[in-house]
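**Q** My structure is in start-v9.cif, and what it holds is mmCIF, C-alpha atoms and all ligand atoms:
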```cif
data_run
#
loop_
_atom_site.group_PDB
_atom_site.id
_atom_site.type_symbol
_atom_site.label_atom_id
_atom_site.label_comp_id
_atom_site.auth_asym_id
_atom_site.auth_seq_id
_atom_site.Cartn_x
_atom_site.Cartn_y
_atom_site.Cartn_z
ATOM 1 C CA MET A 769 -25.782 43.177 33.125
ATOM 2 C CA SER A 770 -23.606 41.044 30.867
ATOM 3 C CA SER A 771 -20.120 42.257 29.893
ATOM 4 C CA ILE A 772 -19.949 40.058 26.801
ATOM 5 C CA SER A 773 -18.677 41.642 23.587
ATOM 6 C CA ASP A 774 -21.185 42.237 20.772
ATOM 7 C CA SER A 775 -19.655 39.643 18.440
ATOM 8 C CA PHE A 776 -20.944 36.890 20.753
ATOM 9 C CA GLU A 777 -24.300 38.488 21.551
ATOM 10 C CA ASN A 778 -26.335 35.889 19.669
ATOM 11 C CA VAL A 779 -24.220 33.035 21.056
ATOM 12 C CA ASN A 780 -24.984 34.322 24.539
ATOM 13 C CA LYS A 781 -28.730 34.615 23.794
ATOM 14 C CA ALA A 782 -28.919 31.160 22.179
ATOM 15 C CA PHE A 783 -27.095 29.267 24.925
ATOM 16 C CA SER A 784 -28.862 31.238 27.665
ATOM 17 C CA ARG A 785 -32.170 30.112 26.162
ATOM 18 C CA GLN A 786 -30.862 26.529 26.059
ATOM 19 C CA SER A 787 -29.371 26.576 29.546
ATOM 20 C CA GLU A 788 -32.555 25.668 31.435
ATOM 21 C CA ILE A 789 -33.229 22.510 29.418
ATOM 22 C CA TYR A 790 -29.563 21.662 28.799
ATOM 23 C CA ASP A 791 -28.990 19.071 31.544
ATOM 24 C CA ASP A 792 -32.225 17.172 30.797
ATOM 25 C CA TYR A 793 -31.509 17.044 27.064
ATOM 26 C CA ASP A 794 -27.952 15.909 27.757
ATOM 27 C CA SER A 795 -28.862 13.100 30.151
ATOM 28 C CA ASN A 796 -31.739 11.825 27.960
ATOM 29 C CA ASN A 797 -29.636 11.568 24.802
ATOM 30 C CA PRO A 798 -27.896 8.148 24.750
ATOM 31 C CA THR A 799 -25.218 9.292 22.289
ATOM 32 C CA LEU A 800 -24.321 12.379 24.326
ATOM 33 C CA THR A 801 -24.104 10.215 27.465
ATOM 34 C CA TRP A 802 -21.764 7.782 25.703
ATOM 35 C CA MET A 803 -19.690 10.614 24.179
ATOM 36 C CA ARG A 804 -19.300 12.402 27.498
ATOM 37 C CA GLN A 805 -18.107 9.140 29.079
ATOM 38 C CA GLN A 806 -15.529 8.717 26.279
ATOM 39 C CA VAL A 807 -14.251 12.269 26.833
ATOM 40 C CA ARG A 808 -13.971 11.718 30.588
ATOM 41 C CA ASN A 809 -12.110 8.420 30.143
ATOM 42 C CA HIS A 810 -9.739 10.231 27.798
ATOM 43 C CA VAL A 811 -9.180 13.180 30.161
ATOM 44 C CA LEU A 812 -8.538 10.836 33.101
ATOM 45 C CA LYS A 813 -5.630 9.292 31.153
ATOM 46 C CA PHE A 814 -3.885 12.682 31.016
ATOM 47 C CA LEU A 815 -5.015 14.316 34.256
ATOM 48 C CA ARG A 816 -2.614 13.902 37.199
ATOM 49 C CA LYS A 817 -3.760 13.450 40.785
ATOM 50 C CA GLU A 818 -3.599 17.011 42.135
ATOM 51 C CA ASP A 819 -4.104 18.837 38.813
ATOM 52 C CA THR A 820 -6.053 22.091 38.866
ATOM 53 C CA ILE A 821 -8.322 22.613 35.864
ATOM 54 C CA LEU A 822 -9.424 25.667 33.887
ATOM 55 C CA GLU A 823 -12.558 24.772 31.960
ATOM 56 C CA ILE A 824 -13.545 27.072 29.106
ATOM 57 C CA ASN A 825 -17.078 27.077 27.629
ATOM 58 C CA SER A 826 -18.142 24.935 30.571
ATOM 59 C CA GLY A 827 -21.894 25.231 29.922
ATOM 60 C CA THR A 828 -23.946 24.219 32.955
ATOM 61 C CA GLY A 829 -20.910 22.588 34.591
ATOM 62 C CA ILE A 830 -21.783 18.923 33.959
ATOM 63 C CA ASP A 831 -18.129 17.904 33.533
ATOM 64 C CA ALA A 832 -16.963 20.303 36.252
ATOM 65 C CA GLU A 833 -19.177 18.455 38.718
ATOM 66 C CA TYR A 834 -17.673 15.142 37.621
ATOM 67 C CA PHE A 835 -14.035 16.282 37.891
ATOM 68 C CA ALA A 836 -14.672 18.070 41.207
ATOM 69 C CA ARG A 837 -16.049 14.786 42.568
ATOM 70 C CA GLN A 838 -12.781 13.148 41.449
ATOM 71 C CA GLY A 839 -11.026 15.589 43.827
ATOM 72 C CA HIS A 840 -9.876 18.299 41.366
ATOM 73 C CA LYS A 841 -10.200 22.056 41.829
ATOM 74 C CA ILE A 842 -11.777 23.537 38.722
ATOM 75 C CA HIS A 843 -12.316 27.131 37.561
ATOM 76 C CA CYS A 844 -15.275 27.266 35.154
ATOM 77 C CA THR A 845 -15.734 29.976 32.542
ATOM 78 C CA ASP A 846 -18.465 30.541 29.977
ATOM 79 C CA LEU A 847 -19.880 33.590 28.254
ATOM 80 C CA SER A 848 -23.587 32.798 28.479
ATOM 81 C CA ASP A 849 -25.629 34.512 31.196
ATOM 82 C CA GLY A 850 -27.911 31.456 31.440
ATOM 83 C CA MET A 851 -25.098 28.905 31.667
ATOM 84 C CA ILE A 852 -23.362 30.981 34.361
ATOM 85 C CA GLU A 853 -26.647 31.172 36.278
ATOM 86 C CA GLN A 854 -27.015 27.354 36.157
ATOM 87 C CA MET A 855 -23.436 26.875 37.415
ATOM 88 C CA LYS A 856 -24.007 29.340 40.255
ATOM 89 C CA ILE A 857 -27.097 27.369 41.304
ATOM 90 C CA LYS A 858 -25.051 24.127 41.244
ATOM 91 C CA PHE A 859 -21.839 25.275 42.873
ATOM 92 C CA SER A 860 -22.313 28.416 44.986
ATOM 93 C CA SER A 861 -23.161 26.345 48.067
ATOM 94 C CA GLY A 862 -22.995 22.695 49.056
ATOM 95 C CA GLU A 863 -20.243 20.087 49.024
ATOM 96 C CA LEU A 864 -18.600 21.248 45.761
ATOM 97 C CA ALA A 865 -18.436 24.966 46.587
ATOM 98 C CA GLU A 866 -14.834 24.544 47.804
ATOM 99 C CA LYS A 867 -13.763 22.836 44.597
ATOM 100 C CA VAL A 868 -15.529 24.800 41.841
ATOM 101 C CA THR A 869 -15.279 28.523 41.054
ATOM 102 C CA VAL A 870 -17.308 30.211 38.314
ATOM 103 C CA GLN A 871 -16.463 33.275 36.197
ATOM 104 C CA GLN A 872 -18.372 34.788 33.293
ATOM 105 C CA CYS A 873 -15.745 35.290 30.629
ATOM 106 C CA SER A 874 -15.441 34.747 26.888
ATOM 107 C CA PHE A 875 -12.621 32.411 25.911
ATOM 108 C CA THR A 876 -11.375 35.260 23.709
ATOM 109 C CA GLU A 877 -10.795 37.298 26.884
ATOM 110 C CA LEU A 878 -8.994 34.785 29.084
ATOM 111 C CA ASP A 879 -6.641 37.541 30.281
ATOM 112 C CA LYS A 880 -9.549 38.323 32.648
ATOM 113 C CA VAL A 881 -8.668 35.117 34.523
ATOM 114 C CA GLN A 882 -6.095 36.854 36.686
ATOM 115 C CA ASN A 883 -3.135 35.689 38.769
ATOM 116 C CA LYS A 884 -3.893 32.038 38.223
ATOM 117 C CA LYS A 885 -1.966 29.133 36.752
ATOM 118 C CA PHE A 886 -3.517 25.765 36.001
ATOM 119 C CA ASP A 887 -2.290 22.233 35.217
ATOM 120 C CA PHE A 888 -5.016 21.417 32.719
ATOM 121 C CA ILE A 889 -7.184 23.415 30.289
ATOM 122 C CA PHE A 890 -10.337 21.678 29.088
ATOM 123 C CA SER A 891 -12.936 22.552 26.451
ATOM 124 C CA ASN A 892 -15.721 20.078 25.747
ATOM 125 C CA PHE A 893 -18.410 19.627 23.092
ATOM 126 C CA GLY A 894 -17.637 22.209 20.479
ATOM 127 C CA GLY A 895 -17.758 25.509 22.373
ATOM 128 C CA LEU A 896 -14.620 26.434 20.421
ATOM 129 C CA ASN A 897 -16.513 25.989 17.144
ATOM 130 C CA CYS A 898 -18.095 29.375 17.951
ATOM 131 C CA VAL A 899 -14.835 31.262 17.249
ATOM 132 C CA ASP A 900 -13.539 31.983 13.719
ATOM 133 C CA ASP A 901 -9.858 31.719 14.631
ATOM 134 C CA LEU A 902 -8.661 29.385 17.408
ATOM 135 C CA LYS A 903 -5.569 31.553 18.001
ATOM 136 C CA LYS A 904 -7.873 34.174 19.543
ATOM 137 C CA VAL A 905 -8.226 31.665 22.399
ATOM 138 C CA THR A 906 -5.038 29.573 22.422
ATOM 139 C CA LYS A 907 -2.778 32.665 22.586
ATOM 140 C CA PHE A 908 -3.727 32.907 26.281
ATOM 141 C CA PHE A 909 -2.847 29.296 27.150
ATOM 142 C CA PRO A 910 0.912 29.684 27.852
ATOM 143 C CA GLU A 911 0.185 32.425 30.430
ATOM 144 C CA LEU A 912 -2.409 30.242 32.127
ATOM 145 C CA LEU A 913 -0.535 26.931 32.227
ATOM 146 C CA ASN A 914 2.155 25.550 34.469
ATOM 147 C CA LYS A 915 5.066 23.868 32.693
ATOM 148 C CA ASN A 916 3.992 20.403 31.497
ATOM 149 C CA GLY A 917 0.398 21.537 31.768
ATOM 150 C CA ARG A 918 -2.005 19.836 29.406
ATOM 151 C CA VAL A 919 -4.726 21.022 27.098
ATOM 152 C CA CYS A 920 -7.663 18.870 25.963
ATOM 153 C CA LEU A 921 -9.935 20.363 23.284
ATOM 154 C CA VAL A 922 -13.060 18.592 22.005
ATOM 155 C CA ILE A 923 -14.019 20.216 18.709
ATOM 156 C CA LEU A 924 -16.184 19.476 15.634
ATOM 157 C CA PRO A 925 -13.901 18.719 12.641
ATOM 158 C CA PRO A 926 -14.739 19.255 8.940
ATOM 159 C CA ILE A 927 -15.189 15.550 8.102
ATOM 160 C CA CYS A 928 -18.199 13.860 9.711
ATOM 161 C CA PRO A 929 -19.183 10.644 7.851
ATOM 162 C CA TRP A 930 -22.737 10.555 9.304
ATOM 163 C CA GLU A 931 -23.371 14.005 7.855
ATOM 164 C CA ILE A 932 -21.677 13.282 4.520
ATOM 165 C CA ILE A 933 -23.856 10.199 3.891
ATOM 166 C CA GLN A 934 -26.927 12.438 4.144
ATOM 167 C CA LEU A 935 -26.044 13.185 0.523
ATOM 168 C CA PHE A 936 -27.823 9.946 -0.376
ATOM 169 C CA ARG A 937 -31.015 11.273 1.219
ATOM 170 C CA GLY A 938 -30.760 14.456 -0.879
ATOM 171 C CA LYS A 939 -29.728 16.603 2.103
ATOM 172 C CA PHE A 940 -26.911 18.391 0.276
ATOM 173 C CA SER A 941 -26.508 21.367 2.585
ATOM 174 C CA LEU A 942 -26.231 19.123 5.677
ATOM 175 C CA ALA A 943 -23.801 16.775 3.875
ATOM 176 C CA PHE A 944 -21.340 19.544 3.038
ATOM 177 C CA ARG A 945 -22.030 22.165 5.681
ATOM 178 C CA ARG A 946 -18.733 21.588 7.502
ATOM 179 C CA PHE A 947 -16.668 22.351 4.401
ATOM 180 C CA HIS A 948 -17.627 26.043 4.131
ATOM 181 C CA LYS A 949 -14.450 28.089 4.583
ATOM 182 C CA ASN A 950 -16.281 31.022 6.156
ATOM 183 C CA GLY A 951 -18.294 28.915 8.558
ATOM 184 C CA VAL A 952 -21.941 28.030 8.759
ATOM 185 C CA LEU A 953 -24.965 29.487 10.512
ATOM 186 C CA ALA A 954 -25.979 27.380 13.488
ATOM 187 C CA ASN A 955 -29.485 27.588 14.898
ATOM 188 C CA VAL A 956 -29.744 27.010 18.629
ATOM 189 C CA GLU A 957 -33.210 27.512 20.141
ATOM 190 C CA GLY A 958 -34.224 29.672 17.152
ATOM 191 C CA ILE A 959 -31.238 32.005 17.396
ATOM 192 C CA LYS A 960 -28.651 31.970 14.625
ATOM 193 C CA PHE A 961 -24.914 32.520 14.889
ATOM 194 C CA GLN A 962 -21.847 31.637 12.832
ATOM 195 C CA THR A 963 -19.854 28.446 13.590
ATOM 196 C CA TYR A 964 -16.553 27.118 12.188
ATOM 197 C CA TYR A 965 -14.984 23.653 11.864
ATOM 198 C CA PHE A 966 -11.355 22.810 12.665
ATOM 199 C CA SER A 967 -9.113 19.876 11.770
ATOM 200 C CA ALA A 968 -6.540 18.372 14.149
ATOM 201 C CA ASN A 969 -3.866 20.237 12.147
ATOM 202 C CA ASP A 970 -5.694 23.570 12.553
ATOM 203 C CA ILE A 971 -5.859 22.931 16.293
ATOM 204 C CA MET A 972 -2.153 22.047 16.608
ATOM 205 C CA LYS A 973 -1.150 25.046 14.475
ATOM 206 C CA SER A 974 -3.135 27.317 16.756
ATOM 207 C CA LEU A 975 -1.318 25.911 19.798
ATOM 208 C CA SER A 976 2.087 26.682 18.171
ATOM 209 C CA ASN A 977 5.435 24.984 18.760
ATOM 210 C CA LYS A 978 5.199 25.637 22.502
ATOM 211 C CA PHE A 979 3.031 22.501 22.662
ATOM 212 C CA ASP A 980 3.678 18.841 21.823
ATOM 213 C CA LEU A 981 0.822 16.703 20.593
ATOM 214 C CA LEU A 982 -0.067 13.840 22.971
ATOM 215 C CA SER A 983 -3.135 12.373 21.296
ATOM 216 C CA VAL A 984 -5.799 12.798 18.613
ATOM 217 C CA SER A 985 -8.979 10.673 18.818
ATOM 218 C CA SER A 986 -12.283 10.654 17.043
ATOM 219 C CA LEU A 987 -15.545 10.857 18.976
ATOM 220 C CA GLY A 988 -18.622 9.536 17.206
ATOM 221 C CA LEU A 989 -17.398 8.139 13.912
ATOM 222 C CA SER A 990 -19.540 5.035 13.343
ATOM 223 C CA THR A 991 -21.948 6.052 16.137
ATOM 224 C CA PRO A 992 -24.758 8.252 14.705
ATOM 225 C CA ILE A 993 -24.444 11.936 15.637
ATOM 226 C CA PRO A 994 -26.355 13.038 18.791
ATOM 227 C CA GLN A 995 -29.072 14.784 16.718
ATOM 228 C CA MET A 996 -30.031 11.347 15.286
ATOM 229 C CA ASP A 997 -31.159 10.184 18.701
ATOM 230 C CA LYS A 998 -34.008 8.081 17.261
ATOM 231 C CA ILE A 999 -31.439 5.466 16.160
ATOM 232 C CA PRO A 1000 -30.052 4.595 19.632
ATOM 233 C CA LYS A 1001 -33.555 4.756 21.105
ATOM 234 C CA ARG A 1002 -35.014 2.336 18.502
ATOM 235 C CA PHE A 1003 -31.938 0.126 18.049
ATOM 236 C CA PRO A 1004 -30.029 0.183 21.343
ATOM 237 C CA LYS A 1005 -28.147 -3.109 20.771
ATOM 238 C CA PHE A 1006 -27.031 -2.113 17.275
ATOM 239 C CA THR A 1007 -25.917 1.284 18.595
ATOM 240 C CA LYS A 1008 -23.881 -0.416 21.342
ATOM 241 C CA VAL A 1009 -22.044 -2.362 18.624
ATOM 242 C CA LEU A 1010 -21.294 0.922 16.821
ATOM 243 C CA ASN A 1011 -20.101 2.445 20.122
ATOM 244 C CA LYS A 1012 -17.734 -0.515 20.600
ATOM 245 C CA ILE A 1013 -16.374 -0.137 17.053
ATOM 246 C CA ASP A 1014 -15.687 3.534 17.780
ATOM 247 C CA GLU A 1015 -13.952 2.691 21.045
ATOM 248 C CA LYS A 1016 -11.639 0.310 19.132
ATOM 249 C CA ILE A 1017 -10.763 2.616 16.209
ATOM 250 C CA SER A 1018 -10.958 6.106 17.717
ATOM 251 C CA GLY A 1019 -7.184 6.473 18.079
ATOM 252 C CA ILE A 1020 -6.183 4.931 14.736
ATOM 253 C CA TYR A 1021 -5.112 7.125 11.803
ATOM 254 C CA PRO A 1022 -6.949 8.286 9.651
ATOM 255 C CA PHE A 1023 -10.149 7.526 11.637
ATOM 256 C CA ASN A 1024 -8.893 9.702 14.506
ATOM 257 C CA ARG A 1025 -9.162 12.813 12.301
ATOM 258 C CA MET A 1026 -12.913 12.575 11.610
ATOM 259 C CA GLY A 1027 -16.234 12.070 13.353
ATOM 260 C CA ASP A 1028 -18.833 14.217 15.057
ATOM 261 C CA HIS A 1029 -16.063 15.596 17.287
ATOM 262 C CA ILE A 1030 -12.329 15.035 17.672
ATOM 263 C CA ILE A 1031 -10.388 15.148 20.943
ATOM 264 C CA VAL A 1032 -6.969 16.796 20.720
ATOM 265 C CA THR A 1033 -4.653 16.665 23.721
ATOM 266 C CA ALA A 1034 -1.298 18.436 23.950
ATOM 267 C CA VAL A 1035 1.339 19.291 26.553
ATOM 268 C CA TYR A 1036 2.820 22.751 27.172
ATOM 269 C CA LYS A 1037 6.620 22.617 26.984
ATOM 270 C CA GLY A 1038 7.173 25.983 28.682
ATOM 271 C CA ASN A 1039 8.995 29.008 27.251
HETATM 272 C C1 LIG B 1101 -22.426 22.940 23.252
HETATM 273 S S1 LIG B 1101 -22.165 23.868 24.706
HETATM 274 C C2 LIG B 1101 -20.958 22.869 25.557
HETATM 275 C C3 LIG B 1101 -20.998 23.123 27.031
HETATM 276 C C4 LIG B 1101 -20.140 22.200 27.887
HETATM 277 N N1 LIG B 1101 -18.744 22.248 27.534
HETATM 278 C C5 LIG B 1101 -20.637 20.771 27.843
HETATM 279 O O1 LIG B 1101 -19.838 19.863 27.566
HETATM 280 O O2 LIG B 1101 -21.815 20.555 28.122
HETATM 281 C C6 LIG B 1101 -21.158 25.193 24.105
HETATM 282 C C7 LIG B 1101 -20.842 26.230 25.188
HETATM 283 O O3 LIG B 1101 -19.882 27.144 24.646
HETATM 284 C C8 LIG B 1101 -20.134 28.405 25.213
HETATM 285 N N2 LIG B 1101 -19.465 29.434 24.412
HETATM 286 C C9 LIG B 1101 -19.690 29.766 23.121
HETATM 287 N N3 LIG B 1101 -18.901 30.798 22.756
HETATM 288 C C10 LIG B 1101 -18.161 31.115 23.844
HETATM 289 C C11 LIG B 1101 -17.173 32.103 24.110
HETATM 290 N N4 LIG B 1101 -16.815 33.004 23.188
HETATM 291 N N5 LIG B 1101 -16.590 32.122 25.331
HETATM 292 C C12 LIG B 1101 -16.971 31.233 26.294
HETATM 293 N N6 LIG B 1101 -17.923 30.290 26.116
HETATM 294 C C13 LIG B 1101 -18.514 30.240 24.905
HETATM 295 C C14 LIG B 1101 -21.661 28.489 25.210
HETATM 296 O O4 LIG B 1101 -22.156 29.497 26.062
HETATM 297 C C15 LIG B 1101 -22.021 27.077 25.647
HETATM 298 O O5 LIG B 1101 -22.135 27.002 27.045
#
```
Mind turning this structure into structure tokens?

**A**
Amino acid sequence: MSSISDSFENVNKAFSRQSEIYDDYDSNNPTLTWMRQQVRNHVLKFLRKEDTILEINSGTGIDAEYFARQGHKIHCTDLSDGMIEQMKIKFSSGELAEKVTVQQCSFTELDKVQNKKFDFIFSNFGGLNCVDDLKKVTKFFPELLNKNGRVCLVILPPICPWEIIQLFRGKFSLAFRRFHKNGVLANVEGIKFQTYYFSANDIMKSLSNKFDLLSVSSLGLSTPIPQMDKIPKRFPKFTKVLNKIDEKISGIYPFNRMGDHIIVTAVYKGN
């Protein structure tokens, strides 16, 4: 039986339902494949050789598998029964079993990760958009990190140009959905739950002055959002040009503050 608190019950149900088709959807979506590669390239710039990783909202463990193959030890956490099940299938035996450990745990209850310190905390693809206040998660980071440990959070920000231009197609609620102060109902596999959008400033504020900012980048600014997967499938060459534009401008202000996601990386200074 799951030990997940009631506030995340629908999140658990939705992602558990999605967990069985998650890897196929991910690998067949050209934009998600490109975005995941961008995130990995970014993480590799900040990850040191022997770093141990705590991954929160790790889903089915797609990135965990990648970083374990790079030689890192990684502790994966997620709240969804289905996602945990998928990770157990992937990692409980075989060549990566020594590198990857799995624990069912909400990122609002990271005190359940006991007696462990890590060099790197990683959250990919908007898991943190499921919490209303990032401090409910980041308050645990100092206890979990070694001095000079790094944090890399990939989160959906309020400004997404591909959604805003939907205004011209009369899709008003999609165009402005990220601006709602009290969040927006997401629908994953027919199950609804509240989601919230955070700017780079919100993210840094939640980390507090115990952290120094290392980098802010956009992810998917001129590239159409992953849900518009017909565009890369019909116009692959054009999409590659948009990918290249993104790769050039992703770190430049103010472009680095907007997009489908942003990647915020910071270093823990210690107490
Ligand atoms: C869009 S998926 C991203 C999964 C993975 N990071 C990836 O890149 O494929 C979002 C994940 O966040 C997880 N999640 C949502 N709320 C959570 C919470 N409170 N604690 C831990 N994980 C959570 C979901 O179960 C889901 O696996």

**Q** Between CA of Leu987 (chain A) and CA of Leu902 (chain A), what distance in Å does the model show, to one decimal?

**A** 19.8 Å

**Q** Pull out every residue that the PyMOL selection byres (((chain A and resi 862-867) around 7) and not hetatm) matches in the shown coordinates and put them as number ranges by chain.

**A** A: 836, 840-842, 859-861, 868-869

**Q** Report, in Å to a single decimal, how far apart CA of Ile852 (chain A) and CA of Phe890 (chain A) are.

**A**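 Atom-to-atom, CA of Phe890 (chain A) and CA of Ile852 (chain A) are spaced 16.9 Å apart.
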
**Q** Identify all residues satisfying the PyMOL selection byres (((chain A and resi 949) around 12) and not hetatm) in the given file; provide them as a PyMOL selection string.

**A** chain A and resi 900-901+926+944-948+950-952+962-966

**Q** Using all atoms listed in the file, which residues of chain A come within 7 Å of ligand LIG 1101 (chain B), and what is the closest atom pair for each, with the distance in Å to one decimal? Give it as CSV, sorted by chain and residue number.

**A**
```
residue,atom,partner,partner_atom,distance
A:Phe776,CA,B:LIG1101,N4,6.2
A:Val779,CA,B:LIG1101,C9,6.0
A:Asn780,CA,B:LIG1101,O4,5.8
A:Phe783,CA,B:LIG1101,O4,5.1
A:Ile824,CA,B:LIG1101,C12,6.1
A:Asn825,CA,B:LIG1101,N6,3.7
A:Ser826,CA,B:LIG1101,N1,4.1
A:Gly827,CA,B:LIG1101,O5,3.4
A:Thr828,CA,B:LIG1101,O2,6.4
A:Gly829,CA,B:LIG1101,C4,6.8
A:Ile830,CA,B:LIG1101,O2,6.1
A:Asp831,CA,B:LIG1101,O1,6.5
A:Thr845,CA,B:LIG1101,C12,6.5
A:Asp846,CA,B:LIG1101,N6,3.9
A:Leu847,CA,B:LIG1101,C12,4.2
A:Ser848,CA,B:LIG1101,O4,4.3
A:Met851,CA,B:LIG1101,O5,5.8
A:Cys873,CA,B:LIG1101,C12,6.1
A:Ser874,CA,B:LIG1101,N5,3.3
A:Phe875,CA,B:LIG1101,N5,4.0
A:Thr876,CA,B:LIG1101,N4,5.9
A:Ser891,CA,B:LIG1101,N1,5.9
A:Asn892,CA,B:LIG1101,N1,4.1
A:Phe893,CA,B:LIG1101,O1,4.7
A:Gly894,CA,B:LIG1101,C1,5.6
A:Gly895,CA,B:LIG1101,O3,3.5
A:Leu896,CA,B:LIG1101,N3,6.5
A:Cys898,CA,B:LIG1101,N3,5.1
A:Val899,CA,B:LIG1101,N4,6.5
```

**Q** Using the chain letters and numbers from the file, which residues does the PyMOL selection byres (((chain A and resi 912) around 9) and not hetatm) grab, as a ChimeraX atom specification?

**A** /A:822,878-879,881-887,889,908-911,913-914

**Q** Which one is closest to Ile1030 (chain A): A:Gln995, A:Ser983, A:Ser795, A:Ser775? Count only C-alpha atoms.

**A** A:Ser983

**Q** For Ile993 (chain A), work out the shell of residues within 12 Å, counting only C-alpha atoms and skipping chain neighbours fewer than 3 positions away, then give it as a PyMOL selection string.

**A** chain A and resi 797-803+924+928-934+987-990+996-1000+1007+1010-1011+1027-1029

**Q** Point out the residue among A:Arg785, A:Tyr793, A:Ser974, A:Asn778 with the least atom-to-atom distance to Pro994 (chain A), counting all atoms listed in the file.

**A**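 Nearest to Pro994 (chain A): A:Tyr793.
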
**Q** Pro1022 (chain A): which residues within 12 Å, counting all atoms listed in the file, same-chain residues fewer than 3 positions away excluded, as a list in words?

**A**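 The neighbour list is Ile927, Ser967, Ala968, Val984, Ser985, Ser986, Leu989, Ile1017, Ser1018, Gly1019, Arg1025, Met1026, Gly1027 and Ile1030 of chain A.
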
**Q** Could you take the residues named above and write them with C-alpha atoms, as a short mmCIF file (atom, residue, chain, number, x, y, z; two decimals), in the coordinates of the input?

**A**
```cif
data_model
loop_
_atom_site.label_atom_id
_atom_site.label_comp_id
_atom_site.auth_asym_id
_atom_site.auth_seq_id
_atom_site.Cartn_x
_atom_site.Cartn_y
_atom_site.Cartn_z
CA ILE A 927 -15.19 15.55 8.10
CA SER A 967 -9.11 19.88 11.77
CA ALA A 968 -6.54 18.37 14.15
CA VAL A 984 -5.80 12.80 18.61
CA SER A 985 -8.98 10.67 18.82
CA SER A 986 -12.28 10.65 17.04
CA LEU A 989 -17.40 8.14 13.91
CA ILE A 1017 -10.76 2.62 16.21
CA SER A 1018 -10.96 6.11 17.72
CA GLY A 1019 -7.18 6.47 18.08
CA ARG A 1025 -9.16 12.81 12.30
CA MET A 1026 -12.91 12.58 11.61
CA GLY A 1027 -16.23 12.07 13.35
CA ILE A 1030 -12.33 15.04 17.67
#
```

**Q** Around all the atoms of region 790-805 of chain A listed in the file, draw an axis-aligned box and extend it by 5 Å on each of the six sides; I want its centre and edge lengths in Å to one decimal, as AutoDock Vina command-line options.

**A**
```
--center_x -25.2 --center_y 14.7 --center_z 26.9 --size_x 24.1 --size_y 23.9 --size_z 19.3
```

**Q** Pick from A:Ile923, A:Ala954, A:Ile1020, A:Val1009: nearest to Leu942 (chain A), with only C-alpha atoms counted?

**A** A:Ala954

**Q** Point out the residue among A:Ile789, A:Ala1034, A:Leu953, A:Val870 with the least atom-to-atom distance to Ser976 (chain A), counting only C-alpha atoms.

**A**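 Looking at the shortest contact to Ser976 (chain A), the residue is A:Ala1034.
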
**Q** Can you tell me, as a list in words, what residues are no more than 12 Å from Leu982 (chain A) when counting all atoms listed in the file, ignoring any on the same chain fewer than 2 positions away?

**A** His810, Val811, Lys813, Phe814, Asn916, Gly917, Arg918, Val919, Cys920, Leu921, Ala968, Met972, Phe979, Asp980, Val984, Ser985, Gly1019, Ile1031, Val1032, Thr1033, Ala1034, Val1035, Tyr1036 and Lys1037 of chain A

**Q** Could you work out how far CA of Thr991 (chain A) lies from CA of Phe1003 (chain A), giving the answer in Å with one decimal?

**A** 11.8 Å

**Q** Have a look at A:Asn809, A:Gln786, A:Asn955, A:Thr906 and name the one nearest to Asp970 (chain A); count only C-alpha atoms.

**A**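 Among the listed residues, A:Thr906 lies closest to Asp970 (chain A).
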
**Q** Mind rebuilding region 877-884 of chain A with N, CA, C and O atoms and writing that out as a PDB file, in the frame of the given file?

**A**
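Writing done, so here's result_18.pdb:
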```pdb
ATOM      1  N   GLU A 877     -11.229  36.276  25.915  1.00  0.00           N
ATOM      2  CA  GLU A 877     -10.795  37.298  26.884  1.00  0.00           C
ATOM      3  C   GLU A 877     -10.252  36.621  28.144  1.00  0.00           C
ATOM      4  O   GLU A 877     -10.565  37.024  29.266  1.00  0.00           O
ATOM      5  N   LEU A 878      -9.458  35.565  27.927  1.00  0.00           N
ATOM      6  CA  LEU A 878      -8.994  34.785  29.084  1.00  0.00           C
ATOM      7  C   LEU A 878      -7.962  35.540  29.925  1.00  0.00           C
ATOM      8  O   LEU A 878      -7.580  35.077  30.995  1.00  0.00           O
ATOM      9  N   ASP A 879      -7.520  36.717  29.441  1.00  0.00           N
ATOM     10  CA  ASP A 879      -6.641  37.541  30.281  1.00  0.00           C
ATOM     11  C   ASP A 879      -7.404  38.049  31.515  1.00  0.00           C
ATOM     12  O   ASP A 879      -6.791  38.518  32.471  1.00  0.00           O
ATOM     13  N   LYS A 880      -8.753  37.920  31.475  1.00  0.00           N
ATOM     14  CA  LYS A 880      -9.549  38.323  32.648  1.00  0.00           C
ATOM     15  C   LYS A 880      -9.452  37.303  33.793  1.00  0.00           C
ATOM     16  O   LYS A 880      -9.872  37.575  34.907  1.00  0.00           O
ATOM     17  N   VAL A 881      -8.928  36.115  33.465  1.00  0.00           N
ATOM     18  CA  VAL A 881      -8.668  35.117  34.523  1.00  0.00           C
ATOM     19  C   VAL A 881      -7.309  35.497  35.109  1.00  0.00           C
ATOM     20  O   VAL A 881      -6.273  35.200  34.535  1.00  0.00           O
ATOM     21  N   GLN A 882      -7.340  36.223  36.239  1.00  0.00           N
ATOM     22  CA  GLN A 882      -6.095  36.854  36.686  1.00  0.00           C
ATOM     23  C   GLN A 882      -5.345  36.077  37.764  1.00  0.00           C
ATOM     24  O   GLN A 882      -5.963  35.404  38.592  1.00  0.00           O
ATOM     25  N   ASN A 883      -4.008  36.239  37.715  1.00  0.00           N
ATOM     26  CA  ASN A 883      -3.135  35.689  38.769  1.00  0.00           C
ATOM     27  C   ASN A 883      -3.371  34.218  39.046  1.00  0.00           C
ATOM     28  O   ASN A 883      -3.330  33.764  40.177  1.00  0.00           O
ATOM     29  N   LYS A 884      -3.656  33.463  37.990  1.00  0.00           N
ATOM     30  CA  LYS A 884      -3.893  32.038  38.223  1.00  0.00           C
ATOM     31  C   LYS A 884      -3.153  31.222  37.190  1.00  0.00           C
ATOM     32  O   LYS A 884      -3.107  31.572  36.019  1.00  0.00           O
TER      33      LYS A 884
END
```
